Each structure stands twice: as C-alpha cells, then as structure tokens.
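Q: My structure is below; once you've seen it, I'll send some questions.
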Amino acid sequence: MKRLALVSLIALAPGLAAADQVFLTSGGEITGDIIERRPSALVLDVGAGRVTLPMSIVVRVVSSTTDLGLFRSRAQALAARDVSGWLDLAAWAQGHELASQAREAWEHVLAVDPGNSAAQLGLGHVRVGDRWMTVGEANRARGLVEFEGHWVSPEERQALVADRAAYAEERQAEREADARLREAEARAREAEARASAAEAEARQGDEPVASGIPYPYLFGPSYGPLVAFPFPVRPHHHHHGSTGFVPPVRVAPPPPRRDPAPVPAPARVPGSLPLRDGKKP
C-alpha cells in the first residue's frame, strides 16, 4: 500500500523537492525547507511549524532531498479537489512519520468532502449515529468524563476519588503514629538516662567514710594526751577485716616553759660616777 501511494505521488510530481540542511555554530543542524531568506535571519519550515534562525548562528546551508520536501512538492502538484490524491498523500506522510503533514492532507480532504470516511477515520473520529465526532465528543455524548487521561463513568470517577482520599488519609495516620512512636522512644531514653544518673549519685553518697574519733583528746597515763585526727580517714584494710576505726596517736607533751634567769645589775660604789657604756668617765 505504501509503495502504491509513493508511485502515485511520483506520477503527480515532476521531480524530487530540495530541502535545506542548516548547520549551526553550536554544532547542531536543522533540516527543513527555507521559505524566506532575510539579511539577518532564515525562516525554515520543519514540518511541525516554522523556525526563524538568526544568521549569526548559521554556519552554512546545504540543500538535500527529504521526506518533508517531497511532501511539499507533491502537495503543490495536487489539484485542490483531487480527493484520491490527497488521501494517498496523507497515507504516505503517515507511513513516513510525518504526522502533522498527514493530518494536513486529511483535513484538506474533509474540506472538500466532509463525509469522507477514510479522512474521518484517519483523524481519529468516530461515528455516533449519523454524525462523525472526535473521541472526546463521542465519549461525552455517551455520558463519560475524563479522569487522568482516561474516559470513565461519573460513578467510577467518584469511586476513584474516594479511594485516593482514603489512601491519603491512611498514609497520614501512619505518619502521625510513627511520629508519636519516635517521640515516646525519645522520652523513654531520656527517663532512663536520668534514672541512671540518680542511681550513680546515690551509690556515691552511700560509700562509707571514716571520720575519726568524735572527741578531740584522750589522755593517757604516761605519754600525754591522745590526739584524734580532725579530718576523715578511710579505713585501713587488715587481714581481720575493716572496722572503720582509726586508733588515736599518742603524742608526747611539750617541755614546760621556763622564763630565763634575770641578769643582776652592776654594783655601785658610793661616791663614784655612773658608768657610761660600761666605761669609766
């Protein structure tokens, strides 16, 4: 079928159309038909639309034969009311992945013959009763509604929306429960840390410490008073076990304090003068 359509197109056109390949300064290239040349820009038809390229980014232009150029050439050779020729051109364009050009040819056929079934089907239209409609128009006529790219009944759409809302609510409840669980675990860890600190502090306060004999002095018969240590002393460990008692230390009393003997004044001879610094005048 594609071969017959191509043969028909070749018969309608005198030769192949020349398309243009525009090379850009960025290293890329664009292929299409140059429909206008300006001193500052090129207007290029690329099939799906027109592109204006500034001359400052154009390196060179090379002419070649393309499917798009061939379509334009065949279209120019067709008569406006040649329905068969335009249908063949649309089929050829569709087979060469020129969707925009195929649609253009089918729309041209419908402008000449609105009831043409091939053109209607080519455009994706469906027949409802005695009318041709687009898919959207036909679905709406059947009472369907569009939901996320699909056509469903209003009841199905309502059920889908309810399912989405229930799922979102369930996910929110799971997130809240997870947050509460993490908060409870954090509080438990904090309480455990406080309890451990309090237990360590209590153990340190309960540790036995010897404070010596509660009264300061004990007097012995021979060696003077017994002096108790005024500061805490940890118990010594003996082979008989620790009792926590520190025996007092016997300290010898200091010797009694004695005043030095007085020095007698020098005797004075009657009738003599007093001495000065121990010398006679």
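Going by the structure tokens order, chains are called A, B, ..., each with residues numbered from 1, while ligands are numbered from 1 in the order shown.
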DSSP on the backbone, then: every residue of segment 29-239 of chain A marked strand (DSSP E), written as a PyMOL selection string.

A: chain A and resi 29-37+41-45+50-54+58-64+126-128+131-133+145-147+150-152+217-219+225-227

Q: Since we have the selection now, will you write its residues out, keeping N, CA and C atoms, as a short mmCIF file (atom, residue, chain, number, x, y, z; two decimals), in the first residue's frame?

A:
```cif
data_model
loop_
_atom_site.label_atom_id
_atom_site.label_comp_id
_atom_site.auth_asym_id
_atom_site.auth_seq_id
_atom_site.Cartn_x
_atom_site.Cartn_y
_atom_site.Cartn_z
N GLU A 29 22.27 20.89 13.82
CA GLU A 29 21.76 21.15 12.48
C GLU A 29 20.25 21.00 12.48
N ILE A 30 19.61 21.72 11.56
CA ILE A 30 18.15 21.68 11.41
C ILE A 30 17.85 21.45 9.94
N THR A 31 16.92 20.53 9.67
CA THR A 31 16.56 20.19 8.30
C THR A 31 15.12 20.63 8.04
N GLY A 32 14.89 21.27 6.92
CA GLY A 32 13.56 21.72 6.54
C GLY A 32 13.61 22.46 5.21
N ASP A 33 12.57 23.20 4.95
CA ASP A 33 12.50 24.00 3.73
C ASP A 33 12.63 25.48 4.08
N ILE A 34 13.60 26.13 3.46
CA ILE A 34 13.75 27.58 3.67
C ILE A 34 12.68 28.27 2.84
N ILE A 35 11.78 28.96 3.52
CA ILE A 35 10.71 29.64 2.82
C ILE A 35 10.93 31.15 2.76
N GLU A 36 11.92 31.64 3.47
CA GLU A 36 12.21 33.07 3.43
C GLU A 36 13.66 33.30 3.85
N ARG A 37 14.33 34.11 3.11
CA ARG A 37 15.70 34.49 3.44
C ARG A 37 15.74 35.99 3.71
N ALA A 41 18.19 36.83 9.05
CA ALA A 41 17.60 35.59 9.54
C ALA A 41 17.13 34.72 8.39
N LEU A 42 16.92 33.42 8.72
CA LEU A 42 16.32 32.45 7.82
C LEU A 42 15.03 31.94 8.44
N VAL A 43 13.98 31.80 7.62
CA VAL A 43 12.72 31.22 8.08
C VAL A 43 12.64 29.83 7.48
N LEU A 44 12.59 28.82 8.36
CA LEU A 44 12.68 27.43 7.94
C LEU A 44 11.40 26.71 8.33
N ASP A 45 10.79 25.99 7.37
CA ASP A 45 9.62 25.15 7.63
C ASP A 45 10.13 23.75 7.95
N ARG A 50 7.21 26.54 11.85
CA ARG A 50 8.27 27.34 11.26
C ARG A 50 9.24 27.81 12.34
N VAL A 51 10.51 27.87 11.94
CA VAL A 51 11.57 28.29 12.86
C VAL A 51 12.33 29.42 12.20
N THR A 52 12.57 30.49 12.97
CA THR A 52 13.36 31.62 12.49
C THR A 52 14.73 31.55 13.12
N LEU A 53 15.76 31.47 12.28
CA LEU A 53 17.13 31.34 12.76
C LEU A 53 17.92 32.60 12.45
N PRO A 54 18.52 33.25 13.45
CA PRO A 54 19.38 34.41 13.17
C PRO A 54 20.60 33.98 12.35
N VAL A 58 24.15 30.78 12.04
CA VAL A 58 24.15 29.88 10.88
C VAL A 58 25.56 29.81 10.31
N VAL A 59 26.08 28.60 10.18
CA VAL A 59 27.41 28.41 9.58
C VAL A 59 27.29 28.25 8.07
N ARG A 60 26.41 27.33 7.63
CA ARG A 60 26.21 27.11 6.20
C ARG A 60 24.88 26.43 5.97
N VAL A 61 24.43 26.42 4.72
CA VAL A 61 23.18 25.79 4.33
C VAL A 61 23.48 24.83 3.20
N VAL A 62 23.02 23.57 3.35
CA VAL A 62 23.24 22.55 2.34
C VAL A 62 21.87 22.02 1.90
N SER A 63 21.62 22.02 0.58
CA SER A 63 20.36 21.52 0.05
C SER A 63 20.43 20.01 -0.14
N SER A 64 19.33 19.31 0.24
CA SER A 64 19.25 17.86 0.08
C SER A 64 17.79 17.47 -0.10
N VAL A 126 -14.94 9.16 15.30
CA VAL A 126 -15.83 8.00 15.41
C VAL A 126 -17.23 8.43 14.97
N ARG A 127 -17.98 7.45 14.50
CA ARG A 127 -19.33 7.74 14.02
C ARG A 127 -20.32 7.40 15.12
N VAL A 128 -21.11 8.37 15.51
CA VAL A 128 -22.16 8.20 16.51
C VAL A 128 -23.47 8.54 15.82
N ARG A 131 -23.54 10.97 12.69
CA ARG A 131 -22.58 12.08 12.82
C ARG A 131 -21.18 11.54 13.09
N TRP A 132 -20.20 12.26 12.55
CA TRP A 132 -18.80 11.98 12.87
C TRP A 132 -18.36 12.93 13.99
N MET A 133 -17.71 12.35 15.00
CA MET A 133 -17.29 13.15 16.16
C MET A 133 -15.85 12.79 16.52
N VAL A 145 -16.77 10.84 31.49
CA VAL A 145 -15.98 12.00 31.90
C VAL A 145 -14.51 11.61 31.82
N GLU A 146 -13.65 12.60 31.61
CA GLU A 146 -12.22 12.34 31.51
C GLU A 146 -11.60 12.45 32.90
N PHE A 147 -10.80 11.45 33.25
CA PHE A 147 -10.13 11.43 34.56
C PHE A 147 -8.73 10.88 34.36
N HIS A 150 -8.07 9.20 31.07
CA HIS A 150 -8.95 8.09 30.72
C HIS A 150 -10.40 8.55 30.79
N TRP A 151 -11.24 7.87 30.00
CA TRP A 151 -12.66 8.17 30.00
C TRP A 151 -13.37 7.13 30.85
N VAL A 152 -14.05 7.60 31.88
CA VAL A 152 -14.75 6.72 32.83
C VAL A 152 -16.14 7.29 33.09
N TYR A 217 40.35 14.77 122.23
CA TYR A 217 41.51 14.35 123.02
C TYR A 217 41.15 13.20 123.95
N LEU A 218 42.10 12.28 124.05
CA LEU A 218 42.06 11.23 125.09
C LEU A 218 43.38 11.30 125.84
N PHE A 219 43.29 11.33 127.14
CA PHE A 219 44.52 11.49 127.93
C PHE A 219 45.03 10.12 128.37
N PRO A 225 48.43 13.49 126.07
CA PRO A 225 47.06 13.29 125.53
C PRO A 225 47.11 12.46 124.25
N LEU A 226 45.99 11.77 124.03
CA LEU A 226 45.77 11.07 122.76
C LEU A 226 45.06 12.02 121.81
N VAL A 227 45.62 12.24 120.66
CA VAL A 227 45.07 13.23 119.72
C VAL A 227 44.35 12.49 118.60
#
```

Q: Tell me, which residues of segment 50-216 of chain A carry DSSP helix (DSSP H, G or I), written as a short mmCIF file (atom, residue, chain, number, x, y, z; two decimals) with N, CA and C atoms, in the first residue's frame?

A:
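Everything below was put into selection-v4.cif:
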```
data_model
loop_
_atom_site.label_atom_id
_atom_site.label_comp_id
_atom_site.auth_asym_id
_atom_site.auth_seq_id
_atom_site.Cartn_x
_atom_site.Cartn_y
_atom_site.Cartn_z
N MET A 55 20.99 34.81 11.44
CA MET A 55 22.14 34.49 10.60
C MET A 55 23.43 34.40 11.41
N SER A 56 23.44 35.02 12.59
CA SER A 56 24.65 34.99 13.41
C SER A 56 24.97 33.59 13.94
N ILE A 57 23.99 32.68 13.95
CA ILE A 57 24.25 31.33 14.44
C ILE A 57 24.27 30.32 13.30
N ASP A 67 11.97 13.75 3.11
CA ASP A 67 10.56 13.38 3.02
C ASP A 67 9.66 14.60 3.12
N LEU A 68 10.07 15.54 3.98
CA LEU A 68 9.27 16.75 4.12
C LEU A 68 9.26 17.54 2.81
N GLY A 69 10.42 17.67 2.20
CA GLY A 69 10.46 18.38 0.93
C GLY A 69 9.66 17.67 -0.14
N LEU A 70 9.69 16.35 -0.14
CA LEU A 70 8.92 15.58 -1.10
C LEU A 70 7.42 15.78 -0.88
N PHE A 71 6.98 15.82 0.38
CA PHE A 71 5.56 16.06 0.68
C PHE A 71 5.13 17.41 0.14
N ARG A 72 5.95 18.44 0.39
CA ARG A 72 5.58 19.78 -0.10
C ARG A 72 5.49 19.80 -1.63
N SER A 73 6.40 19.15 -2.25
CA SER A 73 6.39 19.13 -3.71
C SER A 73 5.16 18.42 -4.24
N ARG A 74 4.78 17.29 -3.63
CA ARG A 74 3.61 16.56 -4.10
C ARG A 74 2.33 17.34 -3.83
N ALA A 75 2.30 17.98 -2.68
CA ALA A 75 1.10 18.75 -2.34
C ALA A 75 0.89 19.90 -3.33
N GLN A 76 1.97 20.56 -3.74
CA GLN A 76 1.84 21.64 -4.70
C GLN A 76 1.38 21.13 -6.06
N ALA A 77 1.69 19.89 -6.38
CA ALA A 77 1.30 19.34 -7.68
C ALA A 77 -0.14 18.84 -7.71
N VAL A 83 -9.52 14.38 -4.33
CA VAL A 83 -9.68 13.69 -3.06
C VAL A 83 -8.80 12.45 -3.00
N SER A 84 -8.77 11.67 -4.04
CA SER A 84 -7.96 10.45 -4.05
C SER A 84 -6.48 10.76 -3.89
N GLY A 85 -6.01 11.80 -4.60
CA GLY A 85 -4.60 12.17 -4.50
C GLY A 85 -4.23 12.65 -3.11
N TRP A 86 -5.10 13.42 -2.48
CA TRP A 86 -4.82 13.90 -1.12
C TRP A 86 -4.88 12.75 -0.10
N LEU A 87 -5.78 11.78 -0.33
CA LEU A 87 -5.81 10.63 0.57
C LEU A 87 -4.52 9.81 0.46
N ASP A 88 -4.04 9.62 -0.78
CA ASP A 88 -2.78 8.91 -0.95
C ASP A 88 -1.62 9.66 -0.31
N LEU A 89 -1.63 10.98 -0.45
CA LEU A 89 -0.57 11.79 0.16
C LEU A 89 -0.60 11.69 1.68
N ALA A 90 -1.80 11.67 2.27
CA ALA A 90 -1.92 11.54 3.73
C ALA A 90 -1.39 10.19 4.19
N ALA A 91 -1.75 9.12 3.45
CA ALA A 91 -1.26 7.79 3.83
C ALA A 91 0.25 7.71 3.72
N TRP A 92 0.82 8.30 2.64
CA TRP A 92 2.28 8.28 2.50
C TRP A 92 2.96 9.06 3.63
N ALA A 93 2.42 10.21 3.98
CA ALA A 93 3.01 11.02 5.06
C ALA A 93 2.95 10.28 6.39
N GLN A 94 1.84 9.58 6.65
CA GLN A 94 1.73 8.82 7.90
C GLN A 94 2.75 7.68 7.93
N GLY A 95 2.96 7.04 6.79
CA GLY A 95 3.94 5.97 6.75
C GLY A 95 5.36 6.44 6.90
N ALA A 99 3.39 13.06 10.88
CA ALA A 99 2.04 13.08 11.41
C ALA A 99 1.34 14.40 11.13
N SER A 100 2.04 15.50 11.28
CA SER A 100 1.42 16.81 11.05
C SER A 100 1.01 16.96 9.59
N GLN A 101 1.84 16.48 8.65
CA GLN A 101 1.53 16.60 7.24
C GLN A 101 0.38 15.65 6.84
N ALA A 102 0.32 14.47 7.47
CA ALA A 102 -0.79 13.56 7.19
C ALA A 102 -2.11 14.17 7.65
N ARG A 103 -2.11 14.79 8.81
CA ARG A 103 -3.33 15.44 9.30
C ARG A 103 -3.72 16.58 8.37
N GLU A 104 -2.73 17.31 7.90
CA GLU A 104 -3.00 18.40 6.97
C GLU A 104 -3.69 17.89 5.70
N ALA A 105 -3.26 16.75 5.19
CA ALA A 105 -3.86 16.19 3.98
C ALA A 105 -5.28 15.70 4.25
N TRP A 106 -5.52 15.03 5.38
CA TRP A 106 -6.86 14.56 5.69
C TRP A 106 -7.83 15.73 5.90
N GLU A 107 -7.38 16.76 6.59
CA GLU A 107 -8.24 17.93 6.78
C GLU A 107 -8.57 18.58 5.43
N HIS A 108 -7.62 18.55 4.49
CA HIS A 108 -7.90 19.09 3.15
C HIS A 108 -8.99 18.27 2.47
N VAL A 109 -8.95 16.92 2.66
CA VAL A 109 -9.99 16.07 2.08
C VAL A 109 -11.35 16.40 2.67
N LEU A 110 -11.43 16.58 3.99
CA LEU A 110 -12.72 16.87 4.62
C LEU A 110 -13.24 18.25 4.23
N ALA A 111 -12.34 19.18 3.93
CA ALA A 111 -12.81 20.47 3.44
C ALA A 111 -13.51 20.33 2.09
N VAL A 112 -13.11 19.33 1.31
CA VAL A 112 -13.74 19.08 0.01
C VAL A 112 -14.92 18.13 0.15
N SER A 117 -15.23 8.92 4.81
CA SER A 117 -14.95 8.04 5.94
C SER A 117 -13.45 7.84 6.17
N ALA A 118 -12.67 7.71 5.11
CA ALA A 118 -11.23 7.47 5.26
C ALA A 118 -10.56 8.64 5.97
N ALA A 119 -10.93 9.86 5.58
CA ALA A 119 -10.34 11.03 6.22
C ALA A 119 -10.80 11.15 7.67
N GLN A 120 -12.10 10.84 7.92
CA GLN A 120 -12.60 10.91 9.30
C GLN A 120 -11.89 9.90 10.19
N LEU A 121 -11.73 8.68 9.69
CA LEU A 121 -11.03 7.67 10.49
C LEU A 121 -9.56 8.01 10.64
N GLY A 122 -8.96 8.58 9.59
CA GLY A 122 -7.56 8.97 9.68
C GLY A 122 -7.32 10.01 10.77
N VAL A 135 -13.12 11.77 19.45
CA VAL A 135 -13.24 10.79 20.54
C VAL A 135 -13.81 11.45 21.79
N GLY A 136 -13.33 12.66 22.09
CA GLY A 136 -13.83 13.35 23.27
C GLY A 136 -15.30 13.67 23.16
N GLU A 137 -15.71 14.16 22.01
CA GLU A 137 -17.13 14.47 21.82
C GLU A 137 -17.98 13.22 21.92
N ALA A 138 -17.51 12.10 21.34
CA ALA A 138 -18.27 10.86 21.41
C ALA A 138 -18.38 10.35 22.83
N ASN A 139 -17.30 10.41 23.59
CA ASN A 139 -17.34 9.93 24.98
C ASN A 139 -18.25 10.80 25.84
N ARG A 140 -18.18 12.09 25.65
CA ARG A 140 -19.08 12.96 26.40
C ARG A 140 -20.53 12.71 26.01
N ALA A 141 -20.76 12.42 24.75
CA ALA A 141 -22.13 12.09 24.32
C ALA A 141 -22.63 10.81 24.98
N PRO A 154 -19.17 8.71 35.56
CA PRO A 154 -19.12 9.57 36.75
C PRO A 154 -19.01 8.76 38.05
N GLU A 155 -19.68 7.59 38.10
CA GLU A 155 -19.61 6.77 39.30
C GLU A 155 -18.19 6.23 39.51
N GLU A 156 -17.57 5.80 38.41
CA GLU A 156 -16.20 5.32 38.53
C GLU A 156 -15.25 6.43 38.96
N ARG A 157 -15.47 7.61 38.42
CA ARG A 157 -14.62 8.74 38.82
C ARG A 157 -14.79 9.04 40.30
N GLN A 158 -16.04 9.02 40.80
CA GLN A 158 -16.28 9.29 42.21
C GLN A 158 -15.62 8.23 43.09
N ALA A 159 -15.71 6.95 42.67
CA ALA A 159 -15.08 5.89 43.44
C ALA A 159 -13.56 6.03 43.46
N LEU A 160 -12.97 6.41 42.32
CA LEU A 160 -11.52 6.59 42.26
C LEU A 160 -11.08 7.73 43.17
N VAL A 161 -11.84 8.83 43.15
CA VAL A 161 -11.50 9.97 44.02
C VAL A 161 -11.60 9.57 45.48
N ALA A 162 -12.66 8.79 45.85
CA ALA A 162 -12.81 8.35 47.24
C ALA A 162 -11.66 7.44 47.65
N ASP A 163 -11.25 6.54 46.75
CA ASP A 163 -10.12 5.65 47.06
C ASP A 163 -8.84 6.45 47.27
N ARG A 164 -8.62 7.46 46.43
CA ARG A 164 -7.42 8.29 46.59
C ARG A 164 -7.45 9.01 47.94
N ALA A 165 -8.62 9.54 48.31
CA ALA A 165 -8.72 10.26 49.58
C ALA A 165 -8.50 9.33 50.76
N ALA A 166 -9.07 8.10 50.69
CA ALA A 166 -8.89 7.14 51.79
C ALA A 166 -7.42 6.73 51.91
N TYR A 167 -6.79 6.54 50.79
CA TYR A 167 -5.37 6.16 50.82
C TYR A 167 -4.53 7.28 51.42
N ALA A 168 -4.83 8.53 51.02
CA ALA A 168 -4.07 9.66 51.56
C ALA A 168 -4.29 9.78 53.07
N GLU A 169 -5.53 9.56 53.52
CA GLU A 169 -5.83 9.64 54.96
C GLU A 169 -5.10 8.53 55.72
N GLU A 170 -5.06 7.33 55.15
CA GLU A 170 -4.37 6.22 55.79
C GLU A 170 -2.87 6.49 55.92
N ARG A 171 -2.28 7.03 54.85
CA ARG A 171 -0.86 7.36 54.90
C ARG A 171 -0.59 8.43 55.95
N GLN A 172 -1.48 9.42 56.07
CA GLN A 172 -1.30 10.47 57.06
C GLN A 172 -1.37 9.89 58.47
N ALA A 173 -2.32 8.96 58.70
CA ALA A 173 -2.42 8.33 60.02
C ALA A 173 -1.17 7.53 60.34
N GLU A 174 -0.61 6.84 59.37
CA GLU A 174 0.62 6.08 59.59
C GLU A 174 1.78 7.00 59.94
N ARG A 175 1.87 8.13 59.23
CA ARG A 175 2.95 9.07 59.55
C ARG A 175 2.81 9.64 60.95
N GLU A 176 1.57 9.97 61.36
CA GLU A 176 1.36 10.52 62.70
C GLU A 176 1.68 9.47 63.77
N ALA A 177 1.26 8.21 63.55
CA ALA A 177 1.56 7.15 64.51
C ALA A 177 3.07 6.94 64.63
N ASP A 178 3.76 6.97 63.51
CA ASP A 178 5.21 6.81 63.54
C ASP A 178 5.87 7.95 64.30
N ALA A 179 5.37 9.17 64.12
CA ALA A 179 5.93 10.31 64.84
C ALA A 179 5.70 10.17 66.34
N ARG A 180 4.50 9.72 66.73
CA ARG A 180 4.23 9.52 68.17
C ARG A 180 5.13 8.44 68.76
N LEU A 181 5.37 7.37 68.01
CA LEU A 181 6.24 6.31 68.50
C LEU A 181 7.66 6.81 68.71
N ARG A 182 8.17 7.58 67.75
CA ARG A 182 9.52 8.12 67.92
C ARG A 182 9.61 9.06 69.12
N GLU A 183 8.56 9.84 69.35
CA GLU A 183 8.55 10.76 70.49
C GLU A 183 8.54 9.98 71.80
N ALA A 184 7.74 8.89 71.89
CA ALA A 184 7.70 8.08 73.11
C ALA A 184 9.04 7.41 73.36
N GLU A 185 9.69 6.92 72.33
CA GLU A 185 11.00 6.30 72.50
C GLU A 185 12.02 7.32 72.99
N ALA A 186 11.95 8.54 72.48
CA ALA A 186 12.88 9.57 72.94
C ALA A 186 12.66 9.89 74.41
N ARG A 187 11.38 9.98 74.84
CA ARG A 187 11.10 10.26 76.25
C ARG A 187 11.58 9.11 77.13
N ALA A 188 11.41 7.86 76.68
CA ALA A 188 11.87 6.73 77.47
C ALA A 188 13.39 6.74 77.63
N ARG A 189 14.10 7.06 76.55
CA ARG A 189 15.56 7.14 76.66
C ARG A 189 15.99 8.25 77.62
N GLU A 190 15.29 9.36 77.58
CA GLU A 190 15.64 10.46 78.49
C GLU A 190 15.39 10.08 79.94
N ALA A 191 14.24 9.41 80.22
CA ALA A 191 13.95 8.98 81.59
C ALA A 191 14.96 7.96 82.07
N GLU A 192 15.37 7.05 81.20
CA GLU A 192 16.38 6.05 81.58
C GLU A 192 17.71 6.71 81.91
N ALA A 193 18.08 7.74 81.14
CA ALA A 193 19.33 8.43 81.42
C ALA A 193 19.27 9.14 82.77
N ARG A 194 18.13 9.77 83.07
CA ARG A 194 18.00 10.44 84.37
C ARG A 194 18.06 9.44 85.52
N ALA A 195 17.41 8.28 85.37
CA ALA A 195 17.43 7.26 86.42
C ALA A 195 18.84 6.74 86.64
N SER A 196 19.59 6.52 85.57
CA SER A 196 20.96 6.04 85.71
C SER A 196 21.83 7.06 86.43
N ALA A 197 21.64 8.35 86.12
CA ALA A 197 22.42 9.38 86.79
C ALA A 197 22.09 9.45 88.28
N ALA A 198 20.78 9.33 88.60
CA ALA A 198 20.38 9.37 90.01
C ALA A 198 20.92 8.16 90.77
N GLU A 199 20.93 6.99 90.17
CA GLU A 199 21.45 5.79 90.81
C GLU A 199 22.94 5.92 91.07
N ALA A 200 23.68 6.47 90.08
CA ALA A 200 25.12 6.65 90.28
C ALA A 200 25.39 7.63 91.41
N GLU A 201 24.60 8.69 91.50
CA GLU A 201 24.79 9.68 92.56
C GLU A 201 24.48 9.08 93.92
N ALA A 202 23.43 8.22 93.98
CA ALA A 202 23.09 7.58 95.26
C ALA A 202 24.18 6.63 95.71
N ARG A 203 24.75 5.85 94.81
CA ARG A 203 25.85 4.94 95.18
C ARG A 203 27.05 5.71 95.71
N GLN A 204 27.35 6.87 95.10
CA GLN A 204 28.47 7.66 95.57
C GLN A 204 28.21 8.23 96.95
N GLY A 205 26.96 8.59 97.27
CA GLY A 205 26.64 9.14 98.60
C GLY A 205 26.62 8.09 99.69
#
```
